[in-house]
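Notes to accompany the following structure.
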Amino acid sequence: MNEYDSNRIYDVVKEIGFKKTEILSEATCYLLNTCHIRDKAKEKVYHEIGRLKKNFRLKQKPIVIVAGCVAQAENEEMLKREPYIDFVIGPQAYHKLNNKIQEYLKKQKRLDETEFDAISKFSFLKNIKNSSKKVSSFLTIQEGCDKFCHFCVVPYTRGPEFSRSFNEIVKEAKILVDNGVREIILLGQNVNAYENKNFRLSDLIFEIEKIPKISRIRYTTSHPKDMTDDLINLYKVSKKLMPLVHLPVQSGSDKILKLMNRKHLISDYLKVYERLKEINSEIEFSSDFIVGYPGESENDFNDTLNLVEKIKFINSFSFIFSPRPGTVASKLETIDREISLKRLEKIQQKLFNHQINKNKSLEKRVIDVLVENKTKESSKFFGRSEHMTPVIFDGNNDEVGKIVKVQIIKSNQNTLFGKVIRKSKLRVA
């Protein structure tokens, strides 16, 4: 979502004459878009600001803006601690960015713009054309969260759940297709909680699928509680919805899920898994895991390992629990870090083995790959399989944006390598 936001921020500031530069020393405005999910996010901001200071030590200082979730959560402290920051702006206030930049230029007064205002934000952005031209592009349809998982800072940095207008989203999807986009990834903190005037995520996917030049549709990130029947049943009829479901489970223990306030049980998760596999055995799952959550016993951790073994996730993110300021879990007693590190190593080994085995099973097979671009390092081309796995192969420039048949020759944990299989040109007698 931060990548989508960053692109939209650029679309906004172009309206007042700013141009993007790859040369830092040329910048007259430096905007740092931040995420608060990972550990030490705040300190990384100060590190970046320190690097910026060194670059401009003998030059005129640019306007320095910190945007995004760290700005939302740490606004007062940031302005107090780091005088080099000119203003902070939260993720629900990007529609005010141009006015705030102009206000700062006039008054040279530091600003704090961190009010939640998702409705005004998207009302403003609908009039700013999305300029993304990537073959695969993100499209935010929903923001915020009402779940209040005890470890998560999102409700405090992104606000309550808000779903964009159905028609606005379809219109933006069509603009992206006109730009050359062929795969759309629908985004939301709880993307499958999308609901606008009785339209749900399944309705949105079904409508976007009607756009002729769209080849693939994906969505992320989902909550198990919101995997509704209509969304599950869509996999029976959809021709463009990809067979990879990213469905964060966080833990395989019902006890830990309750402590996390996740609002689902492992039995609920397995029902979704089993129903989708019954619809299409080619559907694969990826997930997120938090290891060492306060109160996690060895038995709880073993429950998670057992779940990993049962589902064989083909790609997942796993982290040691990191307390986020302001959350319920930040007040809980943490588990010994050495124990958490050992558990993380163990679960990652199991997750990685499943990735390796899945990729190995594709060797010598021919799969469909959406060609995204030519790699910078070589003459090879880059694309992704239906299951989102990166594929490197020999290709042609005119194949970018198209789905090609690739025979997989070799693989590693993260990537497939192959060659395009082209139809032979037969001579007509």
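Please note that chains go A, B, ... in the order of the structure tokens, that every chain numbers its residues from 1, and that ligands are numbered from 1 in the order shown.
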
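Contact shell of Cys29 of chain A at 7 Å (only C-alpha atoms; same-chain neighbours under 3 positions omitted): Pro62, Ile63 and Val64 of chain A.
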
Near segment 84-100 of chain A, counting only C-alpha atoms, which residues have an atom at most 8 Å away, once you skip same-chain residues fewer than 2 positions from it, shown as a count of residues only?
-> 41

Please tabulate, as CSV, the residues of segment 56-129 of chain A that come within 12 Å of segment 324-334 of chain A, each with its closest pair of atoms and the distance in Å to one decimal, counting only C-alpha atoms and ordering rows by chain, then residue number upward.
residue,atom,partner,partner_atom,distance
A:Val70,CA,A:Pro325,CA,11.0
A:Ala73,CA,A:Pro325,CA,8.6
A:Glu74,CA,A:Pro325,CA,9.6

Next, the residues of the selection above should be written as a PDB file, in the first residue's frame with C-alpha atoms.
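Result file is again_20.pdb:
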ATOM      1  CA  VAL A  70       5.285   6.689  11.314  1.00  0.00           C
ATOM      2  CA  ALA A  73       1.976   7.699  15.115  1.00  0.00           C
ATOM      3  CA  GLU A  74       5.027   9.756  16.095  1.00  0.00           C
TER       4      GLU A  74
END

Hey, could you make a per-residue contact list for segment 154-180 of chain A against segment 206-216 of chain A with 10 Å as the cut-off, showing the nearest pair of atoms and its distance in Å to one decimal, counting only C-alpha atoms, sorted by chain and number, as a Markdown table?
| residue | atom | partner | partner_atom | distance |
| --- | --- | --- | --- | --- |
| A:Phe166 | CA | A:Glu207 | CA | 9.5 |
| A:Asn167 | CA | A:Glu207 | CA | 9.9 |
| A:Ile169 | CA | A:Ile208 | CA | 9.0 |
| A:Val170 | CA | A:Ile208 | CA | 6.3 |
| A:Lys171 | CA | A:Ile208 | CA | 9.4 |
| A:Ala173 | CA | A:Ile208 | CA | 7.1 |
| A:Lys174 | CA | A:Ile211 | CA | 7.2 |
| A:Leu176 | CA | A:Ile214 | CA | 9.6 |
| A:Val177 | CA | A:Lys213 | CA | 6.7 |
| A:Asp178 | CA | A:Lys213 | CA | 8.8 |
| A:Gly180 | CA | A:Lys213 | CA | 8.8 |

Going by DSSP on the backbone, which bits of segment 351-416 of chain A are strand (DSSP E)? Write them as a PDB file with N, CA and C atoms, in the first residue's frame, please.
ATOM      1  N   VAL A 366       5.769 -26.656 -17.999  1.00  0.00           N
ATOM      2  CA  VAL A 366       5.508 -25.404 -18.723  1.00  0.00           C
ATOM      3  C   VAL A 366       4.410 -24.650 -17.987  1.00  0.00           C
ATOM      4  N   ILE A 367       4.685 -23.394 -17.630  1.00  0.00           N
ATOM      5  CA  ILE A 367       3.721 -22.606 -16.871  1.00  0.00           C
ATOM      6  C   ILE A 367       3.452 -21.273 -17.580  1.00  0.00           C
ATOM      7  N   ASP A 368       2.336 -20.641 -17.222  1.00  0.00           N
ATOM      8  CA  ASP A 368       1.996 -19.325 -17.750  1.00  0.00           C
ATOM      9  C   ASP A 368       2.687 -18.242 -16.934  1.00  0.00           C
ATOM     10  N   VAL A 369       3.333 -17.314 -17.626  1.00  0.00           N
ATOM     11  CA  VAL A 369       4.054 -16.218 -16.973  1.00  0.00           C
ATOM     12  C   VAL A 369       3.620 -14.896 -17.594  1.00  0.00           C
ATOM     13  N   LEU A 370       3.247 -13.937 -16.767  1.00  0.00           N
ATOM     14  CA  LEU A 370       2.965 -12.585 -17.241  1.00  0.00           C
ATOM     15  C   LEU A 370       4.283 -11.818 -17.252  1.00  0.00           C
ATOM     16  N   VAL A 371       4.714 -11.392 -18.438  1.00  0.00           N
ATOM     17  CA  VAL A 371       6.009 -10.722 -18.600  1.00  0.00           C
ATOM     18  C   VAL A 371       5.880  -9.270 -18.127  1.00  0.00           C
ATOM     19  N   GLU A 372       6.713  -8.885 -17.148  1.00  0.00           N
ATOM     20  CA  GLU A 372       6.604  -7.544 -16.568  1.00  0.00           C
ATOM     21  C   GLU A 372       7.649  -6.569 -17.100  1.00  0.00           C
ATOM     22  N   ASN A 373       8.888  -7.024 -17.234  1.00  0.00           N
ATOM     23  CA  ASN A 373       9.932  -6.102 -17.680  1.00  0.00           C
ATOM     24  C   ASN A 373      11.232  -6.853 -17.977  1.00  0.00           C
ATOM     25  N   LYS A 374      12.158  -6.108 -18.562  1.00  0.00           N
ATOM     26  CA  LYS A 374      13.502  -6.631 -18.780  1.00  0.00           C
ATOM     27  C   LYS A 374      14.312  -6.362 -17.527  1.00  0.00           C
ATOM     28  N   PHE A 381      14.447 -11.513 -19.005  1.00  0.00           N
ATOM     29  CA  PHE A 381      13.175 -10.862 -18.712  1.00  0.00           C
ATOM     30  C   PHE A 381      12.612 -11.413 -17.407  1.00  0.00           C
ATOM     31  N   PHE A 382      11.761 -10.591 -16.792  1.00  0.00           N
ATOM     32  CA  PHE A 382      11.179 -10.925 -15.488  1.00  0.00           C
ATOM     33  C   PHE A 382       9.659 -10.994 -15.610  1.00  0.00           C
ATOM     34  N   GLY A 383       9.085 -12.010 -14.971  1.00  0.00           N
ATOM     35  CA  GLY A 383       7.634 -12.112 -14.879  1.00  0.00           C
ATOM     36  C   GLY A 383       7.263 -12.914 -13.649  1.00  0.00           C
ATOM     37  N   ARG A 384       5.972 -13.167 -13.498  1.00  0.00           N
ATOM     38  CA  ARG A 384       5.517 -13.959 -12.351  1.00  0.00           C
ATOM     39  C   ARG A 384       4.566 -15.056 -12.803  1.00  0.00           C
ATOM     40  N   PRO A 390       8.434 -15.284  -8.753  1.00  0.00           N
ATOM     41  CA  PRO A 390       9.251 -14.635  -9.785  1.00  0.00           C
ATOM     42  C   PRO A 390       9.835 -15.660 -10.759  1.00  0.00           C
ATOM     43  N   VAL A 391       9.844 -15.289 -12.042  1.00  0.00           N
ATOM     44  CA  VAL A 391      10.403 -16.150 -13.084  1.00  0.00           C
ATOM     45  C   VAL A 391      11.360 -15.319 -13.936  1.00  0.00           C
ATOM     46  N   ILE A 392      12.582 -15.826 -14.133  1.00  0.00           N
ATOM     47  CA  ILE A 392      13.588 -15.184 -14.989  1.00  0.00           C
ATOM     48  C   ILE A 392      13.777 -16.053 -16.227  1.00  0.00           C
ATOM     49  N   PHE A 393      13.768 -15.432 -17.414  1.00  0.00           N
ATOM     50  CA  PHE A 393      13.815 -16.220 -18.641  1.00  0.00           C
ATOM     51  C   PHE A 393      14.269 -15.344 -19.807  1.00  0.00           C
ATOM     52  N   ASP A 394      14.647 -16.015 -20.887  1.00  0.00           N
ATOM     53  CA  ASP A 394      14.944 -15.311 -22.138  1.00  0.00           C
ATOM     54  C   ASP A 394      13.635 -14.891 -22.781  1.00  0.00           C
ATOM     55  N   ILE A 403       1.072 -12.760 -21.599  1.00  0.00           N
ATOM     56  CA  ILE A 403       1.268 -14.044 -20.912  1.00  0.00           C
ATOM     57  C   ILE A 403       1.917 -15.008 -21.892  1.00  0.00           C
ATOM     58  N   VAL A 404       3.071 -15.552 -21.485  1.00  0.00           N
ATOM     59  CA  VAL A 404       3.801 -16.480 -22.347  1.00  0.00           C
ATOM     60  C   VAL A 404       3.957 -17.825 -21.643  1.00  0.00           C
ATOM     61  N   LYS A 405       4.220 -18.857 -22.449  1.00  0.00           N
ATOM     62  CA  LYS A 405       4.477 -20.198 -21.912  1.00  0.00           C
ATOM     63  C   LYS A 405       5.977 -20.318 -21.641  1.00  0.00           C
ATOM     64  N   VAL A 406       6.336 -20.642 -20.405  1.00  0.00           N
ATOM     65  CA  VAL A 406       7.747 -20.781 -20.037  1.00  0.00           C
ATOM     66  C   VAL A 406       7.996 -22.177 -19.480  1.00  0.00           C
ATOM     67  N   GLN A 407       8.980 -22.845 -20.047  1.00  0.00           N
ATOM     68  CA  GLN A 407       9.400 -24.131 -19.501  1.00  0.00           C
ATOM     69  C   GLN A 407      10.431 -23.877 -18.414  1.00  0.00           C
ATOM     70  N   ILE A 408      10.168 -24.390 -17.221  1.00  0.00           N
ATOM     71  CA  ILE A 408      11.066 -24.169 -16.087  1.00  0.00           C
ATOM     72  C   ILE A 408      12.233 -25.154 -16.163  1.00  0.00           C
ATOM     73  N   ILE A 409      13.429 -24.593 -16.145  1.00  0.00           N
ATOM     74  CA  ILE A 409      14.644 -25.403 -16.264  1.00  0.00           C
ATOM     75  C   ILE A 409      15.254 -25.679 -14.890  1.00  0.00           C
ATOM     76  N   LYS A 410      15.288 -24.657 -14.045  1.00  0.00           N
ATOM     77  CA  LYS A 410      15.834 -24.825 -12.695  1.00  0.00           C
ATOM     78  C   LYS A 410      15.140 -23.854 -11.749  1.00  0.00           C
ATOM     79  N   SER A 411      15.419 -24.001 -10.456  1.00  0.00           N
ATOM     80  CA  SER A 411      14.756 -23.158  -9.456  1.00  0.00           C
ATOM     81  C   SER A 411      15.619 -23.040  -8.218  1.00  0.00           C
ATOM     82  N   LEU A 416      12.090 -18.999 -10.143  1.00  0.00           N
ATOM     83  CA  LEU A 416      12.116 -20.012 -11.191  1.00  0.00           C
ATOM     84  C   LEU A 416      12.901 -19.471 -12.380  1.00  0.00           C
TER      85      LEU A 416
END

Of A:Phe162, A:Tyr46, A:Phe317, A:Tyr4, the one sitting nearest Lys134 of chain A when using only C-alpha atoms is A:Tyr4

Which of these residues is nearest to Tyr293 of chain A, using only C-alpha atoms: A:Ser136, A:Asn306, A:Ser267, A:Ser322?
-> A:Ser322
